[in-house]
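Quick look at my_file_5.cif (mmCIF, C-alpha atoms):
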```cif
data_protein
loop_
_atom_site.label_atom_id
_atom_site.label_comp_id
_atom_site.auth_asym_id
_atom_site.auth_seq_id
_atom_site.Cartn_x
_atom_site.Cartn_y
_atom_site.Cartn_z
CA MET A 1 34.64 22.94 -67.25
CA LEU A 2 35.69 26.60 -67.46
CA GLN A 3 34.98 28.44 -70.70
CA MET A 4 38.29 30.03 -71.63
CA ASN A 5 37.14 31.77 -74.82
CA ILE A 6 35.00 34.46 -73.18
CA PRO A 7 36.39 37.94 -74.06
CA ILE A 8 37.45 39.89 -70.99
CA ILE A 9 37.68 43.69 -71.09
CA ILE A 10 40.33 45.19 -68.81
CA VAL A 11 40.19 48.74 -67.44
CA ASN A 12 43.86 49.59 -67.03
CA SER A 13 46.32 52.43 -67.13
CA THR A 14 48.19 53.00 -70.37
CA SER A 15 51.42 51.76 -68.76
CA GLU A 16 50.03 48.36 -67.78
CA SER A 17 50.38 45.34 -70.00
CA LEU A 18 47.27 43.30 -70.76
CA PRO A 19 46.92 39.66 -69.72
CA ASN A 20 46.67 37.17 -72.56
CA GLY A 21 43.18 36.76 -73.97
CA THR A 22 41.93 40.18 -72.90
CA ILE A 23 41.28 43.49 -74.59
CA SER A 24 41.61 47.05 -73.30
CA PHE A 25 38.52 49.10 -72.49
CA GLU A 26 40.27 52.19 -73.79
CA GLY A 27 41.12 50.37 -76.99
CA LEU A 28 37.56 49.17 -77.35
CA ILE A 29 36.08 52.66 -77.27
CA ASN A 30 38.83 54.52 -79.16
CA ASP A 31 40.12 52.08 -81.76
CA ASN A 32 37.91 51.96 -84.84
CA SER A 33 39.50 48.67 -85.86
CA GLN A 34 37.86 46.87 -82.94
CA ASP A 35 34.84 44.79 -83.94
CA ILE A 36 32.05 45.96 -81.66
CA SER A 37 29.19 44.69 -83.79
CA ILE A 38 28.26 42.24 -81.05
CA LEU A 39 26.99 45.19 -79.02
CA ASN A 40 24.27 45.84 -81.61
CA GLY A 41 22.44 42.77 -80.42
CA VAL A 42 22.40 43.75 -76.76
CA ILE A 43 18.86 44.32 -75.56
CA LYS A 44 18.63 46.57 -72.51
CA ASN A 45 15.66 46.13 -70.22
CA VAL A 46 14.90 47.66 -66.84
CA ASP A 47 14.40 44.18 -65.45
CA ASP A 48 17.77 42.87 -66.64
CA ILE A 49 20.29 42.00 -63.96
CA ALA A 50 22.64 44.94 -63.43
CA LEU A 51 24.64 43.84 -60.39
CA LEU A 52 25.44 40.47 -58.85
CA PRO A 53 26.92 41.17 -55.42
CA TYR A 54 27.40 38.21 -53.12
CA SER A 55 25.75 37.99 -49.74
CA SER A 56 25.24 35.27 -47.20
CA GLY A 57 21.55 36.17 -47.13
CA THR A 58 19.62 34.95 -44.12
CA THR A 59 21.54 31.68 -43.70
CA GLY A 60 24.30 29.56 -45.16
CA LEU A 61 27.04 30.14 -47.69
CA PRO A 62 27.46 33.24 -49.92
CA LYS A 63 24.86 33.59 -52.68
CA GLY A 64 24.73 35.81 -55.75
CA VAL A 65 22.08 38.51 -55.28
CA GLU A 66 20.37 39.42 -58.54
CA LEU A 67 19.70 43.16 -58.58
CA VAL A 68 18.03 44.55 -61.70
CA HIS A 69 18.34 48.05 -63.13
CA ARG A 70 14.85 48.98 -61.94
CA SER A 71 15.47 48.08 -58.28
CA ILE A 72 18.82 49.88 -58.11
CA VAL A 73 17.58 53.09 -59.74
CA THR A 74 14.44 52.97 -57.59
CA ASN A 75 16.59 52.82 -54.48
CA PHE A 76 18.50 55.90 -55.67
CA VAL A 77 15.17 57.76 -55.92
CA GLN A 78 14.16 56.48 -52.47
CA GLN A 79 17.44 57.78 -51.05
CA ASP A 80 16.79 61.16 -52.68
CA ASN A 81 13.46 61.72 -50.94
CA ASP A 82 13.21 64.83 -48.76
CA GLY A 83 12.84 62.76 -45.58
CA VAL A 84 15.81 60.54 -46.39
CA ARG A 85 18.30 62.67 -48.33
CA HIS A 86 21.55 63.44 -46.53
CA CYS A 87 23.24 65.14 -49.53
CA GLU A 88 22.11 68.26 -51.35
CA HIS A 89 21.96 68.31 -55.14
CA THR A 90 24.77 69.95 -57.06
CA THR A 91 24.14 73.52 -58.23
CA ASP A 92 26.24 76.27 -59.80
CA SER A 93 27.36 77.34 -56.34
CA HIS A 94 27.34 74.12 -54.31
CA GLN A 95 28.70 70.61 -54.58
CA GLU A 96 28.83 68.05 -51.78
CA CYS A 97 32.15 66.31 -51.19
CA VAL A 98 31.94 62.68 -50.10
CA LEU A 99 34.99 60.82 -48.84
CA ALA A 100 34.87 57.18 -49.99
CA ILE A 101 36.87 54.88 -47.77
CA LEU A 102 34.35 52.04 -47.50
CA PRO A 103 34.91 49.14 -49.95
CA LEU A 104 33.15 49.74 -53.24
CA PHE A 105 32.51 46.02 -53.73
CA HIS A 106 30.18 46.14 -50.71
CA MET A 107 26.64 47.36 -51.48
CA TYR A 108 26.86 50.15 -48.90
CA GLY A 109 29.98 51.52 -50.57
CA LEU A 110 28.89 50.74 -54.12
CA SER A 111 25.30 51.97 -54.06
CA ILE A 112 24.93 54.51 -51.28
CA VAL A 113 28.43 56.02 -51.27
CA MET A 114 29.34 55.90 -54.97
CA LEU A 115 26.49 55.34 -57.43
CA ASN A 116 23.84 57.37 -55.63
CA LYS A 117 26.23 60.27 -55.05
CA LEU A 118 27.27 60.26 -58.70
CA SER A 119 23.59 60.42 -59.66
CA ILE A 120 23.19 63.73 -57.78
CA GLY A 121 26.48 65.20 -58.99
CA ALA A 122 28.46 64.99 -55.76
CA LYS A 123 32.26 64.97 -55.76
CA ILE A 124 33.69 61.68 -54.54
CA VAL A 125 37.21 61.49 -53.16
CA THR A 126 38.47 57.92 -52.94
CA LEU A 127 41.24 56.58 -50.73
CA PRO A 128 43.00 53.27 -51.48
CA LYS A 129 43.01 52.17 -47.84
CA PHE A 130 42.49 53.51 -44.36
CA GLU A 131 45.44 55.21 -42.71
CA THR A 132 44.95 57.60 -39.80
CA GLU A 133 46.93 60.55 -41.14
CA THR A 134 45.80 60.15 -44.74
CA TYR A 135 42.13 59.88 -43.80
CA LEU A 136 42.04 62.89 -41.50
CA LYS A 137 44.12 65.05 -43.85
CA ALA A 138 41.84 64.14 -46.78
CA ILE A 139 38.77 65.28 -44.82
CA LYS A 140 40.41 68.65 -44.19
CA LYS A 141 42.07 69.07 -47.60
CA TYR A 142 38.91 68.39 -49.63
CA ASN A 143 36.43 69.91 -47.13
CA ALA A 144 34.48 66.67 -46.99
CA SER A 145 30.88 67.49 -46.15
CA VAL A 146 29.44 63.99 -45.81
CA LEU A 147 31.24 61.06 -44.20
CA HIS A 148 29.91 57.56 -44.74
CA ILE A 149 31.17 55.34 -41.96
CA ALA A 150 30.73 51.94 -40.33
CA PRO A 151 30.95 51.33 -36.56
CA PRO A 152 34.75 50.72 -36.44
CA LEU A 153 35.34 54.01 -38.26
CA ALA A 154 32.89 55.78 -35.96
CA SER A 155 34.82 54.44 -32.97
CA PHE A 156 38.05 55.75 -34.49
CA LEU A 157 36.58 59.22 -34.97
CA ALA A 158 35.19 59.14 -31.44
CA CYS A 159 38.32 57.98 -29.64
CA HIS A 160 41.45 58.85 -31.60
CA PRO A 161 43.24 61.91 -30.15
CA LYS A 162 44.02 63.32 -33.61
CA SER A 163 40.36 63.26 -34.57
CA ASN A 164 39.17 66.76 -33.65
CA LYS A 165 37.42 69.89 -34.93
CA GLU A 166 40.49 70.92 -36.90
CA TYR A 167 39.80 68.03 -39.26
CA LEU A 168 36.05 67.53 -38.87
CA SER A 169 34.73 71.10 -39.08
CA SER A 170 33.64 70.76 -42.73
CA VAL A 171 31.42 67.72 -42.08
CA HIS A 172 27.69 68.47 -41.84
CA THR A 173 26.44 64.85 -41.86
CA TYR A 174 27.75 61.49 -40.74
CA VAL A 175 25.99 58.45 -42.20
CA CYS A 176 26.51 55.15 -40.41
CA ALA A 177 25.29 51.70 -41.40
CA ALA A 178 26.33 48.02 -41.61
CA ALA A 179 26.03 47.20 -37.88
CA PRO A 180 24.69 48.62 -34.60
CA LEU A 181 26.68 51.48 -33.11
CA PRO A 182 27.08 52.37 -29.41
CA LYS A 183 25.32 55.64 -28.64
CA HIS A 184 28.26 57.07 -26.68
CA ASP A 185 30.43 56.87 -29.82
CA ILE A 186 27.88 59.02 -31.66
CA TYR A 187 27.95 61.68 -28.97
CA ARG A 188 31.76 61.71 -28.92
CA VAL A 189 31.89 62.21 -32.70
CA LEU A 190 29.37 65.04 -32.55
CA GLU A 191 31.29 66.74 -29.73
CA LYS A 192 34.30 66.94 -32.07
CA SER A 193 32.24 68.33 -34.94
CA SER A 194 30.68 71.65 -35.85
CA PRO A 195 27.43 72.71 -34.13
CA ASN A 196 24.21 71.27 -35.64
CA THR A 197 26.06 68.43 -37.39
CA HIS A 198 23.76 65.54 -38.23
CA PHE A 199 24.30 61.86 -37.47
CA VAL A 200 22.16 59.49 -39.54
CA GLN A 201 21.83 55.75 -39.10
CA LEU A 202 20.60 53.54 -41.93
CA TYR A 203 19.35 49.99 -42.15
CA GLY A 204 19.55 47.85 -45.25
CA LEU A 205 20.69 44.64 -46.84
CA THR A 206 22.29 43.66 -50.13
CA GLU A 207 18.99 42.02 -51.07
CA VAL A 208 17.13 45.36 -50.96
CA SER A 209 19.56 47.32 -53.17
CA PRO A 210 20.43 48.08 -50.21
CA LEU A 211 18.52 50.79 -48.30
CA ALA A 212 15.32 50.03 -46.36
CA THR A 213 15.12 52.56 -43.50
CA SER A 214 16.76 55.81 -42.48
CA ILE A 215 16.77 58.27 -39.59
CA PRO A 216 15.73 61.71 -40.91
CA ARG A 217 18.41 64.38 -40.70
CA GLY A 218 17.98 66.41 -37.55
CA CYS A 219 16.58 63.55 -35.47
CA LYS A 220 18.38 63.29 -32.12
CA GLU A 221 17.15 59.80 -31.26
CA TYR A 222 20.09 57.54 -32.08
CA THR A 223 18.90 54.19 -30.73
CA ASN A 224 16.83 53.30 -33.81
CA VAL A 225 17.28 53.04 -37.57
CA GLY A 226 14.43 55.35 -38.50
CA LEU A 227 11.51 55.00 -40.87
CA ALA A 228 10.93 53.01 -44.03
CA VAL A 229 12.06 54.73 -47.22
CA PRO A 230 9.24 55.72 -49.65
CA ASN A 231 7.20 52.99 -51.35
CA THR A 232 8.43 50.44 -48.83
CA LYS A 233 6.27 48.39 -46.49
CA LEU A 234 7.49 46.75 -43.30
CA ARG A 235 6.01 43.92 -41.23
CA VAL A 236 7.07 42.35 -37.97
CA VAL A 237 6.01 38.72 -37.63
CA ASN A 238 6.36 35.89 -35.15
CA SER A 239 7.65 32.40 -35.95
CA ASP A 240 4.25 31.52 -37.47
CA ASP A 241 4.34 34.55 -39.79
CA GLN A 242 1.55 36.25 -37.83
CA ASN A 243 1.75 40.04 -37.74
CA LEU A 244 2.81 41.59 -34.45
CA GLY A 245 1.72 44.93 -33.02
CA PRO A 246 3.63 48.10 -32.07
CA ASP A 247 6.76 47.55 -29.96
CA GLU A 248 6.50 43.75 -30.20
CA VAL A 249 9.71 42.00 -31.23
CA GLY A 250 9.77 39.70 -34.24
CA GLU A 251 11.34 39.15 -37.64
CA LEU A 252 11.34 42.08 -40.03
CA LEU A 253 9.84 41.52 -43.49
CA ILE A 254 10.25 44.09 -46.27
CA HIS A 255 8.12 44.69 -49.37
CA GLY A 256 9.07 47.21 -52.03
CA PRO A 257 10.36 47.83 -55.55
CA GLN A 258 14.00 47.59 -54.38
CA ILE A 259 13.74 43.88 -53.47
CA MET A 260 16.12 41.59 -55.33
CA LYS A 261 15.00 39.36 -58.17
CA GLY A 262 16.39 36.33 -56.33
CA TYR A 263 19.55 34.39 -55.55
CA ARG A 264 21.53 33.39 -58.63
CA ASN A 265 20.82 29.77 -59.65
CA ASN A 266 19.44 29.06 -56.18
CA PRO A 267 15.63 28.68 -56.30
CA GLU A 268 15.44 26.98 -52.90
CA GLU A 269 17.15 29.84 -51.06
CA THR A 270 15.12 32.36 -53.06
CA LYS A 271 11.89 30.66 -52.04
CA ALA A 272 13.00 30.63 -48.41
CA ALA A 273 13.90 34.33 -48.49
CA ILE A 274 10.94 35.76 -50.45
CA THR A 275 7.35 34.87 -49.65
CA ARG A 276 4.80 34.09 -52.34
CA ASP A 277 3.41 37.61 -52.10
CA GLY A 278 6.84 39.25 -52.41
CA TRP A 279 7.93 39.96 -48.83
CA PHE A 280 11.64 39.58 -48.15
CA ARG A 281 12.61 37.89 -44.89
CA THR A 282 15.50 39.82 -43.35
CA GLY A 283 16.35 37.38 -40.57
CA ASP A 284 16.63 40.35 -38.19
CA LEU A 285 14.66 40.78 -34.98
CA VAL A 286 13.18 44.26 -34.70
CA SER A 287 10.34 46.21 -33.17
CA ILE A 288 8.36 49.00 -34.82
CA ASP A 289 6.60 51.60 -32.69
CA LYS A 290 3.24 53.24 -33.37
CA ASP A 291 4.93 55.94 -35.45
CA GLY A 292 6.70 53.44 -37.71
CA VAL A 293 10.16 53.87 -36.17
CA VAL A 294 12.27 50.70 -36.43
CA THR A 295 14.60 49.49 -33.69
CA VAL A 296 16.88 46.54 -34.42
CA ARG A 297 16.92 44.15 -31.46
CA ASP A 298 19.01 41.19 -32.53
CA ARG A 299 19.73 38.81 -35.41
CA ILE A 300 17.89 35.59 -35.95
CA LYS A 301 20.49 34.42 -38.36
CA GLU A 302 23.86 33.20 -37.17
CA LEU A 303 25.78 35.50 -39.47
CA ILE A 304 28.76 37.30 -37.99
CA LYS A 305 29.25 40.97 -38.90
CA VAL A 306 32.90 41.93 -39.12
CA LYS A 307 33.26 45.65 -39.87
CA GLY A 308 29.82 45.42 -41.45
CA PHE A 309 30.75 42.48 -43.69
CA GLN A 310 28.69 39.33 -43.35
CA VAL A 311 30.63 36.20 -42.46
CA ALA A 312 28.80 32.88 -42.67
CA PRO A 313 29.80 30.44 -39.90
CA ALA A 314 28.88 27.56 -42.21
CA GLU A 315 31.66 28.54 -44.61
CA LEU A 316 34.31 28.56 -41.88
CA GLU A 317 32.96 25.38 -40.29
CA SER A 318 33.17 23.62 -43.63
CA ILE A 319 36.83 24.59 -43.99
CA LEU A 320 37.62 23.60 -40.39
CA LYS A 321 36.20 20.15 -40.96
CA GLU A 322 38.66 19.68 -43.82
CA HIS A 323 41.51 19.85 -41.32
CA PRO A 324 42.91 16.34 -40.73
CA ASP A 325 43.00 16.80 -36.90
CA ILE A 326 39.43 18.08 -36.45
CA VAL A 327 36.44 15.87 -35.69
CA ASP A 328 33.81 18.57 -35.16
CA ALA A 329 33.66 22.35 -35.29
CA ALA A 330 31.42 25.34 -34.66
CA VAL A 331 31.99 29.08 -35.26
CA ILE A 332 30.29 31.99 -33.53
CA GLY A 333 30.79 35.74 -33.48
CA VAL A 334 32.29 37.29 -30.37
CA PRO A 335 32.40 41.02 -29.54
CA ASP A 336 35.45 42.99 -30.59
CA ALA A 337 36.11 46.66 -29.84
CA LYS A 338 37.56 47.46 -33.28
CA MET A 339 35.79 45.03 -35.61
CA GLY A 340 32.33 44.85 -34.04
CA GLU A 341 32.42 41.07 -34.09
CA VAL A 342 35.06 38.49 -35.01
CA PRO A 343 34.75 34.75 -35.72
CA LYS A 344 35.79 32.35 -32.96
CA ALA A 345 36.03 28.60 -33.54
CA PHE A 346 35.26 25.76 -31.15
CA VAL A 347 36.80 22.50 -32.26
CA VAL A 348 36.88 18.86 -31.21
CA ILE A 349 40.13 17.19 -32.27
CA LYS A 350 41.17 13.58 -32.53
CA SER A 351 42.39 12.17 -29.23
CA ASP A 352 45.94 11.53 -30.43
CA ARG A 353 46.51 15.02 -31.89
CA ASN A 354 48.12 18.08 -30.32
CA LYS A 355 46.18 21.27 -29.66
CA ASP A 356 47.73 23.53 -32.28
CA SER A 357 45.53 26.63 -32.36
CA ASP A 358 47.90 28.65 -34.56
CA GLY A 359 48.12 25.82 -37.06
CA ILE A 360 44.32 25.59 -37.27
CA LYS A 361 43.91 29.36 -37.64
CA ASN A 362 46.49 29.45 -40.41
CA PHE A 363 44.79 26.51 -42.14
CA VAL A 364 41.53 28.47 -42.30
CA ASN A 365 42.92 31.96 -42.76
CA ASP A 366 44.91 30.93 -45.84
CA LYS A 367 41.62 30.00 -47.56
CA VAL A 368 39.46 33.03 -46.80
CA ALA A 369 39.35 36.80 -47.15
CA ALA A 370 40.97 38.86 -44.40
CA PHE A 371 37.69 39.86 -42.74
CA LYS A 372 36.67 36.18 -42.42
CA ARG A 373 39.78 35.08 -40.55
CA LEU A 374 39.45 33.34 -37.19
CA SER A 375 40.35 35.40 -34.17
CA ASP A 376 40.63 32.47 -31.78
CA VAL A 377 40.34 28.69 -31.54
CA GLU A 378 39.05 27.02 -28.40
CA PHE A 379 39.37 23.27 -27.88
CA VAL A 380 36.38 21.48 -26.35
CA GLU A 381 35.58 17.85 -25.56
CA SER A 382 32.25 18.04 -27.43
CA LEU A 383 29.83 20.54 -28.92
CA PRO A 384 26.36 21.02 -27.38
CA ARG A 385 23.61 19.76 -29.68
CA ASN A 386 19.84 19.40 -29.55
CA PRO A 387 18.12 16.03 -30.16
CA SER A 388 18.03 16.65 -33.92
CA GLY A 389 21.80 17.20 -34.01
CA LYS A 390 21.83 20.99 -34.42
CA ILE A 391 24.67 22.73 -32.59
CA LEU A 392 23.36 24.92 -29.77
CA LYS A 393 25.51 27.98 -30.34
CA ARG A 394 23.61 29.89 -27.70
CA LEU A 395 25.15 27.59 -25.09
CA LEU A 396 28.62 28.17 -26.52
CA ARG A 397 28.11 31.91 -26.16
CA GLU A 398 26.80 31.58 -22.62
CA LYS A 399 29.63 29.34 -21.49
CA TYR A 400 32.63 30.81 -23.28
CA THR A 401 31.88 34.46 -24.06
#
```

Any chance you could give the structure as structure tokens?
Amino acid sequence: MLQMNIPIIIVNSTSESLPNGTISFEGLINDNSQDISILNGVIKNVDDIALLPYSSGTTGLPKGVELVHRSIVTNFVQQDNDGVRHCEHTTDSHQECVLAILPLFHMYGLSIVMLNKLSIGAKIVTLPKFETETYLKAIKKYNASVLHIAPPLASFLACHPKSNKEYLSSVHTYVCAAAPLPKHDIYRVLEKSSPNTHFVQLYGLTEVSPLATSIPRGCKEYTNVGLAVPNTKLRVVNSDDQNLGPDEVGELLIHGPQIMKGYRNNPEETKAAITRDGWFRTGDLVSIDKDGVVTVRDRIKELIKVKGFQVAPAELESILKEHPDIVDAAVIGVPDAKMGEVPKAFVVIKSDRNKDSDGIKNFVNDKVAAFKRLSDVEFVESLPRNPSGKILKRLLREKYT
């Protein structure tokens, strides 16, 4: 049963009315009549949970990721290391300008774009949503020096005719993360930019606060995600958790102070994700060369990355199976030029029902966030399964994509 008596503090403009049962943040800090004695009992500890972003982790449905103050602040310091830093500190004569278009509820936007940049005194210009003219004009108007992007935004900068040196001349560093990026897009972006502009690729996950590796500024090798950030250890293991050597492909495990505390109220998933000696299983297939450079090869997990957001097939499959016409369902990610990947459903329907793909898409899309919506529905007679009953999604990809 929901607890309806929990006080909720609303950050609002002075012209907005407050919902019933809430109080204003401005009123709380400015009105001496407010009873704030409850705050006297708050005990702050570096190992208290500071953020609870939701991630699909290595498998399954979304889970609350417990990030404590220590791990978040540590990751800021790791990002500020000389070999990792892509922003200069603010001085009397210099201040970086960062354009924030990526969602601030996503750990990339929240931690790397906003919180870390605030910690070094950078100016952050936020935009409510992406629009071609507004975005390009904001870069030029505010002389944005660092652009944080994801692959769809990189493709826009690379291909759109209005994206040119007139707008991009102030940028000295592009920082891309969230999903792999075609190398030709990087070269196209750099061709439109000032000489000696840097292009940095990062690798991370919500569960590691989120940064784990970074290409150093000035590196011209764009097919990898760089080196581990300071105080971070990496291992590549096979399916038996045996360590692999240089250039061998296996699952990446991460050990460091930025690792999450665990998944909220989910000890089983926490145990599956973090080994007894504290290594986090990423679910990503990588190789690491003799110099420690990481190259992402593929994903073990079935998660679909739409514009860098993780979409769990299990969540969509569960909703599909609620549809009265559907007997069985599977969801995979298929390539998309703008989104990176998009979810596609394969469904088995009852023999006496019509094949209504739009109706099925609407049924699912009405229940999920925009980036989780189905792009297509394909009707099949049956889904391929192994002897234990697991759907063989590899065969679906081979046959239909």

Can you turn the PyMOL selection byres ((chain A and resi 99) around 7) into a concrete residue list for this file, as a ChimeraX atom specification?
/A:97-98,100-101,124-126,144,147

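Once the PyMOL selection byres ((chain A and resi 235) around 6) is applied to the depicted file, the selected set reads Leu234, Val236, Leu252 and Leu253 of chain A.
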
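Of the residues listed (A:Asp185, A:Ser155, A:Tyr174, A:Glu96), A:Tyr174 shows the shortest atom-to-atom separation from Phe199 (chain A); distances use all atoms listed in the file.
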
Contacts of Pro210 (chain A) at 9 Å (all atoms listed in the file; same-chain gap of 6+ positions) as a list in words:
Ile72, Asn75, Met107, Tyr108, Ser111, Ile112, Tyr203, Gly204, Gln258 and Ile259 of chain A

For the selection you just gave me, I'd like the residues written to a file as a PDB file, in the coordinates of the input, keeping C-alpha atoms.
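The resulting out_24.pdb:
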```pdb
ATOM      1  CA  ILE A  72      18.820  49.880 -58.110  1.00  0.00           C
ATOM      2  CA  ASN A  75      16.590  52.820 -54.480  1.00  0.00           C
ATOM      3  CA  MET A 107      26.640  47.360 -51.480  1.00  0.00           C
ATOM      4  CA  TYR A 108      26.860  50.150 -48.900  1.00  0.00           C
ATOM      5  CA  SER A 111      25.300  51.970 -54.060  1.00  0.00           C
ATOM      6  CA  ILE A 112      24.930  54.510 -51.280  1.00  0.00           C
ATOM      7  CA  TYR A 203      19.350  49.990 -42.150  1.00  0.00           C
ATOM      8  CA  GLY A 204      19.550  47.850 -45.250  1.00  0.00           C
ATOM      9  CA  GLN A 258      14.000  47.590 -54.380  1.00  0.00           C
ATOM     10  CA  ILE A 259      13.740  43.880 -53.470  1.00  0.00           C
TER      11      ILE A 259
END
```

Counting all atoms listed in the file, which residues have an atom no more than 10 Å from (24.8, 27.4, -33.3) in the file's coordinates? Please list them as a ChimeraX atom specification.
/A:301-302,313-314,330-332,383-385,390-397

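Take CA of Thr232 (chain A) and CA of Gly256 (chain A): the distance between them is 4.6 Å.
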
If you count only C-alpha atoms, which residues fall within 7 Å of region 375-379 of chain A, apart from same-chain ones fewer than 3 positions away, as a PyMOL selection string?
chain A and resi 342-348+357

Once the PyMOL selection byres ((chain A and resi 217-225) around 10) has been applied to the shown file, what residues remain in the selection, as a ChimeraX atom specification?
/A:82-86,173-177,180-184,186-187,196-204,212-216,226-228,286-288,293-297

Identify which of the residues A:Val229, A:Val46, A:Ser170, A:Pro324 lies closest to Asp80 (chain A), counting all atoms listed in the file when measuring atom-to-atom distances.
A:Val229

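Note that the spacing between CA of Glu269 (chain A) and CA of Arg281 (chain A) amounts to 11.1 Å.
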
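Note that CA of Lys307 (chain A) and CA of Lys338 (chain A) are 8.1 Å apart.
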
Counting all atoms listed in the file, closest pick from A:Ala312, A:Ala50, A:Ile8, A:Ile36 relative to Lys63 (chain A) is A:Ala312

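Minimum atom-to-atom distance to Met339 (chain A), evaluated using all atoms listed in the file, belongs to A:Pro152 out of A:Pro152, A:Ile360, A:Arg276, A:Ser351.
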
So that I can check the surroundings of Ser318 (chain A), please list as a short mmCIF file (atom, residue, chain, number, x, y, z; two decimals) with C-alpha atoms, keeping the file's coordinate frame every protein, DNA and RNA residue that reaches within 10 Å of it, counting all atoms listed in the file and ignoring chain neighbours fewer than 5 positions away.
```cif
data_model
loop_
_atom_site.label_atom_id
_atom_site.label_comp_id
_atom_site.auth_asym_id
_atom_site.auth_seq_id
_atom_site.Cartn_x
_atom_site.Cartn_y
_atom_site.Cartn_z
CA LEU A 61 27.04 30.14 -47.69
CA PRO A 313 29.80 30.44 -39.90
CA HIS A 323 41.51 19.85 -41.32
CA ASP A 328 33.81 18.57 -35.16
CA ALA A 329 33.66 22.35 -35.29
CA ALA A 330 31.42 25.34 -34.66
CA VAL A 364 41.53 28.47 -42.30
#
```

Near-Ser239 (chain A) list (10 Å; all atoms listed in the file; drop same-chain fewer than 4 positions) as a PyMOL selection string:
chain A and resi 243+250-251

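Among the candidates A:Pro7, A:Asp366, A:Glu322, A:Leu157, the one nearest to Ile38 (chain A) when counting all atoms listed in the file is A:Pro7.
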
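Residues in contact range of Pro19 (chain A), defined as at most 12 Å between only C-alpha atoms, with sequence neighbours fewer than 4 positions away removed, read Pro7, Ile8, Ile9, Ile10, Val11, Asn12, Ile23 and Ser24 of chain A.
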